[in-house]
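Trainee: CSV, C-alpha atoms and all ligand atoms, file query_4.csv:
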```csv
chain,number,residue,atom,x,y,z
A,276,MET,CA,7.2,220.7,25.8
A,277,ASN,CA,7.6,220.1,22.1
A,278,LYS,CA,9.8,217.0,21.8
A,279,ILE,CA,10.0,213.9,24.0
A,280,ALA,CA,11.5,210.4,23.9
A,281,VAL,CA,10.6,207.0,25.2
A,282,LEU,CA,12.8,204.1,26.2
A,283,THR,CA,12.5,200.7,27.8
A,284,SER,CA,15.1,199.5,30.4
A,285,GLY,CA,15.9,196.6,32.6
A,286,GLY,CA,14.1,193.2,32.2
A,287,ASP,CA,11.6,193.2,29.4
A,288,ALA,CA,7.9,192.8,30.4
A,289,PRO,CA,4.8,192.0,28.4
A,290,GLY,CA,2.9,195.2,27.9
A,291,MET,CA,5.9,197.4,27.3
A,292,ASN,CA,5.0,197.6,23.6
A,293,ALA,CA,1.5,198.8,24.6
A,294,ALA,CA,3.1,201.5,26.8
A,295,ILE,CA,5.4,202.6,24.0
A,296,ARG,CA,2.5,202.8,21.7
A,297,ALA,CA,0.5,204.9,24.1
A,298,VAL,CA,3.4,207.4,24.7
A,299,VAL,CA,4.0,207.8,21.0
A,300,ARG,CA,0.3,208.1,20.0
A,301,LYS,CA,-0.6,210.4,22.9
A,302,ALA,CA,2.4,212.7,22.1
A,303,LEU,CA,1.5,212.8,18.4
A,304,TYR,CA,-2.2,213.5,19.3
A,305,HIS,CA,-1.0,216.6,21.1
A,306,ASP,CA,1.2,217.7,18.2
A,307,MET,CA,4.5,216.9,20.0
A,308,GLU,CA,7.4,215.2,18.3
A,309,VAL,CA,8.4,211.9,19.8
A,310,CYS,CA,11.5,209.7,19.4
A,311,GLY,CA,12.2,206.1,20.3
A,312,VAL,CA,15.5,205.3,22.0
A,313,TYR,CA,16.8,201.8,21.4
A,314,ARG,CA,18.4,199.5,24.0
A,315,GLY,CA,17.6,201.6,27.1
A,316,TYR,CA,20.3,203.7,28.6
A,317,SER,CA,23.0,202.1,26.4
A,318,GLY,CA,21.2,203.4,23.4
A,319,LEU,CA,20.9,206.8,25.0
A,320,ILE,CA,24.7,206.8,25.4
A,321,ASP,CA,25.3,205.5,21.9
A,322,GLY,CA,22.8,207.9,20.3
A,323,GLU,CA,20.4,205.2,19.1
A,324,ILE,CA,17.6,207.7,18.8
A,325,GLU,CA,15.0,207.8,16.0
A,326,PRO,CA,12.0,209.9,15.3
A,327,PHE,CA,8.8,207.9,15.6
A,328,HIS,CA,5.5,208.4,13.8
A,329,LEU,CA,2.0,206.8,14.0
A,330,GLY,CA,3.2,203.8,12.0
A,331,SER,CA,6.2,203.2,14.1
A,332,VAL,CA,4.0,201.7,16.8
A,333,GLY,CA,1.5,199.9,14.5
A,334,ASP,CA,0.7,196.3,15.2
A,335,ILE,CA,2.6,196.1,18.5
A,336,ILE,CA,-0.1,196.3,21.2
A,337,HIS,CA,-0.5,192.6,21.3
A,338,ARG,CA,3.2,191.6,21.2
A,339,GLY,CA,5.4,190.6,24.2
A,340,GLY,CA,8.9,192.0,24.6
A,341,THR,CA,9.8,195.5,23.5
A,342,ILE,CA,10.3,196.7,20.0
A,343,LEU,CA,12.8,199.3,21.4
A,344,HIS,CA,14.9,196.4,23.0
A,345,SER,CA,16.0,196.7,26.5
A,346,SER,CA,19.4,196.5,28.3
A,347,ARG,CA,21.1,196.9,31.6
A,348,SER,CA,23.9,199.6,31.3
A,349,GLU,CA,26.7,199.8,33.8
A,350,GLU,CA,28.1,202.8,31.9
A,351,PHE,CA,25.0,204.8,32.6
A,352,LYS,CA,25.7,204.6,36.3
A,353,THR,CA,28.9,206.6,35.7
A,354,TYR,CA,29.1,210.4,35.4
A,355,GLU,CA,30.7,210.1,31.9
A,356,GLY,CA,27.9,207.8,30.7
A,357,GLN,CA,25.3,210.2,32.0
A,358,ARG,CA,27.0,213.2,30.3
A,359,LYS,CA,27.0,211.3,26.9
A,360,ALA,CA,23.3,210.5,27.3
A,361,ILE,CA,22.4,214.2,28.1
A,362,GLU,CA,24.5,215.4,25.1
A,363,ASN,CA,22.6,213.1,22.8
A,364,LEU,CA,19.3,214.2,24.1
A,365,SER,CA,20.3,217.8,23.7
A,366,LYS,CA,21.5,217.2,20.2
A,367,HIS,CA,18.1,215.9,19.3
A,368,GLY,CA,16.3,218.8,21.1
A,369,ILE,CA,14.6,216.3,23.4
A,370,GLU,CA,13.2,218.0,26.5
A,371,GLY,CA,11.4,215.1,28.2
A,372,ILE,CA,11.5,211.4,28.4
A,373,VAL,CA,9.3,208.5,29.5
A,374,VAL,CA,11.4,205.6,31.0
A,375,ILE,CA,9.5,202.3,31.1
A,376,GLY,CA,11.2,199.9,33.5
A,377,GLY,CA,11.7,198.8,37.0
A,378,ASP,CA,13.2,200.2,40.2
A,379,GLY,CA,16.8,200.4,38.7
A,380,SER,CA,15.5,202.2,35.6
A,381,TYR,CA,13.7,204.7,37.9
A,382,ARG,CA,17.1,205.5,39.5
A,383,GLY,CA,18.5,206.3,36.0
A,384,ALA,CA,15.4,208.4,35.2
A,385,LYS,CA,15.9,210.4,38.4
A,386,LYS,CA,19.5,211.2,37.3
A,387,LEU,CA,18.2,212.5,34.0
A,388,SER,CA,15.7,214.7,35.8
A,389,GLU,CA,18.6,216.1,37.9
A,390,TYR,CA,20.4,217.1,34.7
A,391,GLY,CA,17.3,219.1,33.6
A,392,ILE,CA,15.6,216.5,31.3
A,393,ALA,CA,11.9,216.1,32.4
A,394,ALA,CA,11.8,212.4,33.2
A,395,ILE,CA,8.7,210.3,34.0
A,396,GLY,CA,8.9,206.6,35.0
A,397,ALA,CA,6.3,204.0,34.1
A,398,PRO,CA,6.4,200.7,36.0
A,399,GLY,CA,7.4,198.0,33.5
A,400,THR,CA,8.4,194.7,35.2
A,401,ILE,CA,6.9,191.3,35.8
A,402,ASP,CA,8.1,191.5,39.5
A,403,ASN,CA,5.3,193.9,40.8
A,404,ASP,CA,8.0,195.3,43.1
A,405,ILE,CA,7.4,199.0,42.5
A,406,ASN,CA,5.7,201.1,45.1
A,407,GLY,CA,3.0,203.6,44.2
A,408,THR,CA,1.1,201.3,41.9
A,409,ASP,CA,-1.1,198.3,42.7
A,410,PHE,CA,0.2,196.5,39.6
A,411,THR,CA,3.2,196.8,37.3
A,412,ILE,CA,3.0,196.3,33.6
A,413,GLY,CA,3.7,192.7,32.8
A,414,PHE,CA,2.8,191.2,36.2
A,415,ASP,CA,-0.6,189.9,35.2
A,416,THR,CA,0.7,188.3,32.0
A,417,ALA,CA,3.6,186.6,33.9
A,418,LEU,CA,1.2,185.5,36.6
A,419,ASN,CA,-1.1,183.8,34.0
A,420,THR,CA,1.9,182.1,32.4
A,421,ILE,CA,2.9,180.7,35.7
A,422,ILE,CA,-0.6,179.5,36.4
A,423,ASP,CA,-0.7,177.7,33.1
A,424,ALA,CA,2.4,175.8,34.2
A,425,VAL,CA,1.2,175.2,37.7
A,426,ASP,CA,-2.1,173.7,36.5
A,427,LYS,CA,-0.2,171.3,34.2
A,428,ILE,CA,2.3,170.3,36.9
A,429,ARG,CA,-0.7,169.7,39.3
A,430,ASP,CA,-2.1,167.1,37.0
A,431,THR,CA,1.1,165.1,37.3
A,432,ALA,CA,1.5,165.8,41.0
A,433,MET,CA,-2.0,164.5,41.6
A,434,SER,CA,-1.6,161.4,39.3
A,435,HIS,CA,1.8,160.4,40.6
A,436,GLU,CA,1.1,161.4,44.2
A,437,LYS,CA,4.3,163.5,44.4
A,438,THR,CA,5.4,166.8,45.9
A,439,PHE,CA,6.5,169.4,43.4
A,440,LEU,CA,8.5,172.6,44.0
A,441,ILE,CA,8.1,175.3,41.4
A,442,GLU,CA,10.5,178.2,41.4
A,443,VAL,CA,9.2,181.5,40.1
A,444,MET,CA,10.8,184.9,39.4
A,445,GLY,CA,10.3,188.1,41.2
A,446,ARG,CA,13.7,189.2,42.4
A,447,ALA,CA,13.4,190.3,46.0
A,448,ALA,CA,9.6,190.4,45.9
A,449,GLY,CA,7.2,187.5,46.6
A,450,ASP,CA,4.2,188.8,44.6
A,451,LEU,CA,4.5,186.4,41.6
A,452,ALA,CA,4.8,183.5,44.1
A,453,LEU,CA,2.0,184.6,46.4
A,454,TRP,CA,-0.5,185.3,43.6
A,455,SER,CA,0.3,182.2,41.6
A,456,GLY,CA,0.3,180.1,44.8
A,457,LEU,CA,-3.2,181.5,45.7
A,458,ALA,CA,-4.6,181.2,42.2
A,459,GLY,CA,-3.0,177.7,41.7
A,460,GLY,CA,-4.1,176.3,45.0
A,461,ALA,CA,-0.5,175.6,46.2
A,462,GLU,CA,-0.2,173.9,49.6
A,463,ASN,CA,2.9,175.9,50.5
A,464,ILE,CA,4.4,179.2,49.3
A,465,LEU,CA,7.8,180.5,50.2
A,466,ILE,CA,8.4,184.2,49.7
A,467,PRO,CA,11.2,186.5,50.9
A,468,GLU,CA,8.7,188.6,52.9
A,469,GLY,CA,7.6,185.5,54.9
A,470,PRO,CA,9.2,183.2,57.5
A,471,ASN,CA,10.5,180.6,55.0
A,472,ASN,CA,10.9,177.7,57.4
A,473,VAL,CA,11.6,174.3,55.8
A,474,GLU,CA,10.7,172.5,59.1
A,475,GLU,CA,7.2,174.2,59.0
A,476,ILE,CA,6.8,173.0,55.4
A,477,ILE,CA,7.6,169.5,56.3
A,478,GLU,CA,5.2,169.6,59.2
A,479,ARG,CA,2.5,170.8,56.7
A,480,LEU,CA,3.4,168.1,54.2
A,481,ASN,CA,3.2,165.4,57.0
A,482,TYR,CA,-0.2,166.8,58.2
A,483,SER,CA,-1.6,166.6,54.6
A,484,ARG,CA,-0.3,163.0,54.3
A,485,ARG,CA,-2.0,162.0,57.6
A,486,ARG,CA,-5.2,163.3,56.1
A,487,GLY,CA,-4.6,161.0,53.1
A,488,LYS,CA,-3.4,163.7,50.6
A,489,ARG,CA,-0.2,162.5,49.0
A,490,HIS,CA,0.5,165.2,46.5
A,491,SER,CA,1.5,168.7,47.1
A,492,MET,CA,2.6,171.9,45.3
A,493,ILE,CA,5.2,174.3,46.8
A,494,ILE,CA,5.8,177.6,45.1
A,495,VAL,CA,9.2,179.1,45.8
A,496,ALA,CA,10.0,182.7,45.1
A,497,GLU,CA,13.5,183.1,43.6
A,498,GLY,CA,14.2,185.7,46.3
A,499,VAL,CA,14.1,182.9,48.9
A,500,GLY,CA,16.8,180.8,47.3
A,501,SER,CA,17.0,177.9,44.9
A,502,ALA,CA,14.1,175.5,44.8
A,503,ALA,CA,16.6,172.7,44.1
A,504,GLU,CA,18.4,173.4,47.3
A,505,ILE,CA,15.1,173.5,49.3
A,506,SER,CA,14.1,170.2,47.7
A,507,LYS,CA,17.4,168.6,48.9
A,508,GLU,CA,16.8,169.9,52.4
A,509,ILE,CA,13.2,168.5,52.5
A,510,ASN,CA,14.6,165.1,51.3
A,511,ARG,CA,17.4,165.2,53.9
A,512,LEU,CA,15.2,166.2,56.8
A,513,ALA,CA,12.1,164.2,56.1
A,514,ASN,CA,13.0,161.7,53.4
A,515,ILE,CA,10.3,163.1,51.1
A,516,ASP,CA,10.9,162.6,47.4
A,517,THR,CA,10.2,165.8,45.5
A,518,ARG,CA,10.5,167.1,41.9
A,519,VAL,CA,11.6,170.6,41.0
A,520,THR,CA,10.6,172.9,38.1
A,521,THR,CA,12.3,176.2,37.6
A,522,LEU,CA,10.2,178.2,35.2
A,523,GLY,CA,12.9,180.7,34.3
A,524,HIS,CA,12.6,183.1,31.4
A,525,LEU,CA,9.5,181.7,30.0
A,526,GLN,CA,7.8,183.9,32.6
A,527,ARG,CA,8.9,187.1,30.8
A,528,GLY,CA,7.7,186.6,27.3
A,529,GLY,CA,4.3,186.1,25.6
A,530,ASN,CA,1.4,188.2,24.4
A,531,PRO,CA,0.3,190.6,27.2
A,532,THR,CA,-3.1,190.0,28.7
A,533,ALA,CA,-5.9,192.5,28.1
A,534,PHE,CA,-5.3,193.8,31.6
A,535,ASP,CA,-1.7,194.6,30.9
A,536,ARG,CA,-2.5,196.2,27.6
A,537,VAL,CA,-5.1,198.5,29.2
A,538,LEU,CA,-2.9,199.3,32.2
A,539,ALA,CA,0.1,200.0,29.9
A,540,SER,CA,-2.0,202.2,27.6
A,541,ARG,CA,-3.4,204.2,30.5
A,542,LEU,CA,-0.1,204.7,32.2
A,543,GLY,CA,1.8,205.6,29.0
A,544,ALA,CA,-0.8,208.2,28.1
A,545,TYR,CA,-0.8,209.6,31.6
A,546,ALA,CA,3.0,209.9,31.5
A,547,VAL,CA,2.7,212.2,28.5
A,548,ASP,CA,0.0,214.2,30.2
A,549,LEU,CA,2.4,214.8,33.2
A,550,LEU,CA,5.2,215.9,30.8
A,551,ARG,CA,2.7,218.4,29.2
A,552,GLU,CA,1.9,219.7,32.7
A,553,GLY,CA,5.7,220.3,33.3
A,554,LYS,CA,6.1,217.5,35.8
A,555,THR,CA,9.5,215.7,36.2
A,556,GLY,CA,11.2,213.3,38.6
A,557,VAL,CA,7.9,211.3,39.1
A,558,ALA,CA,6.6,207.9,38.3
A,559,VAL,CA,3.1,207.0,37.2
A,560,GLY,CA,1.0,204.2,38.7
A,561,MET,CA,-2.6,203.0,39.2
A,562,GLU,CA,-4.1,202.7,42.6
A,563,LYS,CA,-7.6,201.5,43.1
A,564,ASN,CA,-8.2,202.1,39.4
A,565,GLU,CA,-7.1,205.8,39.7
A,566,LEU,CA,-4.1,207.2,37.9
A,567,VAL,CA,-1.5,208.5,40.4
A,568,HIS,CA,2.0,209.7,40.5
A,569,TYR,CA,4.7,209.9,43.1
A,570,SER,CA,8.2,211.5,43.2
A,571,PHE,CA,11.0,208.9,42.7
A,572,ASP,CA,12.3,209.9,46.2
A,573,ASN,CA,9.0,209.0,47.8
A,574,LEU,CA,8.9,205.6,46.0
A,575,PHE,CA,12.4,204.7,46.9
A,576,THR,CA,11.6,205.2,50.6
A,577,MET,CA,8.0,203.8,50.9
A,578,PRO,CA,7.8,200.4,52.5
A,579,ASN,CA,6.5,197.7,50.1
A,580,LYS,CA,3.4,196.3,51.7
A,581,LYS,CA,1.9,194.5,48.7
A,582,ALA,CA,2.7,190.9,49.9
A,583,GLU,CA,1.6,191.5,53.4
A,584,VAL,CA,-2.0,192.1,52.4
A,585,MET,CA,-2.4,188.5,51.0
A,586,TYR,CA,0.0,186.5,53.1
A,587,ASP,CA,-2.4,185.6,55.9
A,588,LEU,CA,-5.2,184.6,53.5
A,589,VAL,CA,-2.9,182.3,51.6
A,590,GLY,CA,-1.9,180.6,54.9
A,591,GLN,CA,-5.6,180.1,55.8
A,592,LEU,CA,-6.6,178.6,52.5
A,593,SER,CA,-3.7,176.5,51.5
A,594,ILE,CA,-3.7,173.1,53.3
B,601,LIG,P1,15.1,197.3,36.5
B,601,LIG,O1,14.8,198.6,35.9
B,601,LIG,O2,14.2,196.2,35.9
B,601,LIG,O3,15.0,197.3,38.0
B,601,LIG,P2,18.0,197.2,36.7
B,601,LIG,O4,18.0,197.3,38.1
B,601,LIG,O5,18.9,196.3,36.0
B,601,LIG,O6,16.5,196.8,36.1
B,601,LIG,O7,18.2,198.7,36.1
B,601,LIG,C1,18.2,199.0,34.8
B,601,LIG,C2,19.3,200.0,34.4
B,601,LIG,O8,19.0,201.3,35.1
B,601,LIG,C3,20.7,199.7,34.9
B,601,LIG,O9,21.4,198.8,34.0
B,601,LIG,C4,21.3,201.1,34.8
B,601,LIG,O10,21.7,201.4,33.5
B,601,LIG,C5,20.2,202.0,35.3
B,601,LIG,N1,20.4,202.3,36.7
B,601,LIG,C6,20.2,201.4,37.8
B,601,LIG,N2,20.5,202.0,39.0
B,601,LIG,C7,21.0,203.2,38.6
B,601,LIG,C8,21.6,204.3,39.4
B,601,LIG,N3,21.7,204.3,40.7
B,601,LIG,N4,22.0,205.4,38.7
B,601,LIG,C9,21.9,205.5,37.4
B,601,LIG,N5,21.4,204.5,36.6
B,601,LIG,C10,21.0,203.4,37.2
B,602,LIG,O1,13.2,191.9,36.9
B,602,LIG,C1,12.7,190.9,36.0
B,602,LIG,C2,13.5,189.7,36.2
B,602,LIG,O2,12.9,188.7,35.3
B,602,LIG,C3,13.5,189.1,37.6
B,602,LIG,O3,12.3,188.5,38.0
B,602,LIG,C4,14.7,188.2,37.5
B,602,LIG,O4,15.3,188.0,38.8
B,602,LIG,C5,15.6,188.9,36.6
B,602,LIG,O5,14.8,189.8,35.9
B,602,LIG,C6,16.4,188.1,35.7
B,602,LIG,O6,17.3,188.9,35.0
B,602,LIG,P1,18.1,188.3,33.7
B,602,LIG,O7,17.1,188.3,32.6
B,602,LIG,O8,19.1,189.4,33.5
B,602,LIG,O9,18.6,187.0,34.0
```
Let's see the structure in the file written out as structure tokens.
Ligand code: ADP
Ligand code: F6P
Mentor:
Amino acid sequence: MNKIAVLTSGGDAPGMNAAIRAVVRKALYHDMEVCGVYRGYSGLIDGEIEPFHLGSVGDIIHRGGTILHSSRSEEFKTYEGQRKAIENLSKHGIEGIVVIGGDGSYRGAKKLSEYGIAAIGAPGTIDNDINGTDFTIGFDTALNTIIDAVDKIRDTAMSHEKTFLIEVMGRAAGDLALWSGLAGGAENILIPEGPNNVEEIIERLNYSRRRGKRHSMIIVAEGVGSAAEISKEINRLANIDTRVTTLGHLQRGGNPTAFDRVLASRLGAYAVDLLREGKTGVAVGMEKNELVHYSFDNLFTMPNKKAEVMYDLVGQLSI
């Protein structure tokens, strides 16, 4: 393998830059040529491909977002789009590619591997919804951003003796809600993987009130539905006045934590090692501090058990 490329796709995540840097520097270390592809699969289709050198990735390890930009491309899901992408890769003599992104991006990478381009996925998403890795790049940073907000809202919840609902991202996964709920001492957490019963929440709120505790924090994973709607339902059923904060896109940006920078650096470098070994159609991950890789097909069919592990503990501690 002499020439490879790297792209970022789907939602940006803090630590993507550290991963790009690791791919580029590791490839150059092994005397390979390496190109950056701008704007994910859209850039692959439009030929936005540029040779990268050591300086191309200087001063980026600490920066959020992605210097390569990211996109969601409907065209890449079509045969025509994929053919254009393959033609551009061939034109540049690119034999392998590292795709940094989420589950959808992995499906695109799998396609590339089926067309004969060696493709390795690296898990870049704040959602932590990818199998075959304990953590995805960006999750830790987003979690800390959420905790910062939760701590601030708690001050007001406590002072004003109010119930607050905080809606966090995560798509269909509850990890951001679960971890921020545990770390932020939330009284209730609603995640898609859980029972999500508003009556039960009201019962818990009333129990806390009987004990004399008049403020409460409820973390709602976006996969459950809108926190605003849940707030209305609580008010309708129990006449409890609540306030809602939807954290939105402030969860995706910001400087990556040291954990995310290290994770991204290790995974990016490992992806290049796998390309050098002739691997394709696999994604890298970190399990129990060990570098691992799984075929895309395995990842797509594995059950996601991440949330299960903590759900009971959260129920026992949050009252
Ligand atoms: P994420 O990677 O964060 O999960 P998306 O689900 O939006 O984000 O996927 C990112 C991009 O990956 C899509 O816009 C599309 O270009 C590509 N992609 C997703 N699913 C497929 C698929 N089945 N075949 C080919 N490309 C896909
Ligand atoms: O996958 C990352 C993520 O931030 C999800 O948590 C969220 O549901 C989605 O992307 C939002 O996407 P967009 O930025 O396109 O609104």
Trainee: Counting only C-alpha atoms and all ligand atoms, what residues are within 8 Å of ligand LIG 601 (chain B), given as a PyMOL selection string?
Mentor: chain A and resi 284-287+315-317+346-353+357+376-386+399-400
Trainee: What does the structure give for the distance between atom C6 of ligand LIG 602 (chain B) and CA of Phe414 in chain A, in Å to one decimal?
Mentor: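 Here the two named atoms are 14.0 Å from each other.
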Trainee: Between A:Lys507, A:Arg446, A:Arg536, A:His435, which has the minimum distance to Arg296 in chain A (counting all atoms listed in the file)?
Mentor: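 Nearest candidate to Arg296 in chain A out of A:Lys507, A:Arg446, A:Arg536, A:His435: A:Arg536.
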Trainee: Which residue gives the smallest distance to ligand LIG 602 (chain B) among A:Arg314, A:Lys359, A:His524, A:Lys488, with only C-alpha atoms and all ligand atoms counted?
Mentor: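 Between A:Arg314, A:Lys359, A:His524, A:Lys488, the residue approaching ligand LIG 602 (chain B) most closely is A:His524.
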Trainee: Find, counting only C-alpha atoms, the residue in A:Asn564, A:Cys310, A:Gly500, A:Tyr586 that gets nearest to Asn463 in chain A.
Mentor: A:Tyr586
Trainee: Would you mind listing what lies within 6 Å of Val557 in chain A as a ChimeraX atom specification, with all atoms listed in the file counted and same-chain residues fewer than 6 positions away left out?
Mentor: /A:395,569-571
Trainee: Between A:Thr341, A:Ser331, A:Asn573, A:Ser491, which residue has the minimum interatomic distance to Leu440 in chain A, considering all atoms listed in the file?
Mentor: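 Going through A:Thr341, A:Ser331, A:Asn573, A:Ser491 one by one, the smallest distance to Leu440 in chain A is for A:Ser491.
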Trainee: To one decimal place, how far is CA of Leu457 in chain A from CA of Asp426 in chain A in Å?
Mentor: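 Atom-to-atom, CA of Leu457 in chain A to CA of Asp426 in chain A, that is 12.1 Å.
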Trainee: For CA of Gly556 in chain A and CA of His367 in chain A, quote the distance in Å rounded to one decimal.
Mentor: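 Value for the CA of Gly556 in chain A-CA of His367 in chain A distance: 20.7 Å.
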Trainee: From the set A:Glu389, A:Glu442, A:Glu308, A:Glu565, which residue has the shortest atom-to-atom contact distance to ligand LIG 602 (chain B), counting all atoms listed in the file?
Mentor: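 Using all atoms listed in the file, the shortest distance to ligand LIG 602 (chain B) belongs to A:Glu442.
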Trainee: Looking at A:Gly407, A:Gly445, A:Gly456, A:Gly529, which one is nearest to ligand LIG 602 (chain B), with distances taken over all atoms listed in the file?
Mentor: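 Among the listed residues, the smallest separation from ligand LIG 602 (chain B) belongs to A:Gly445.
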Trainee: With all atoms listed in the file as the counted atoms, please give the residues lying no more than 9 Å from Glu370 in chain A, apart from itself and same-chain residues fewer than 3 positions off, as a PyMOL selection string.
Mentor: chain A and resi 276-280+364-365+367+391-394
Trainee: Go ahead and find all residues with at least one atom no further than 12 Å from (13.6, 174.4, 56.1) in the file's coordinates, using all atoms listed in the file; report them as a list in words.
Mentor: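 Within the cut-off we find Leu465, Pro470, Asn471, Asn472, Val473, Glu474, Glu475, Ile476, Ile477, Glu478, Arg479, Val499, Gly500, Ala502, Glu504, Ile505, Ser506, Lys507, Glu508, Ile509, Asn510, Arg511, Leu512 and Ala513 of chain A.
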Trainee: Using all atoms listed in the file, can you list as a PyMOL selection string the residues within 12 Å of (3.8, 191.8, 21.3)?
Mentor: chain A and resi 287-296+332-343+413+416+527-533+535-536
Trainee: Tell me, as a list in words, which residues lie within 7 Å of Glu323 in chain A, counting only C-alpha atoms; anything in the same chain fewer than 5 positions away does not count.
Mentor: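 So, after excluding close chain neighbours, the residues are Val312, Tyr313 and Gly318 of chain A.
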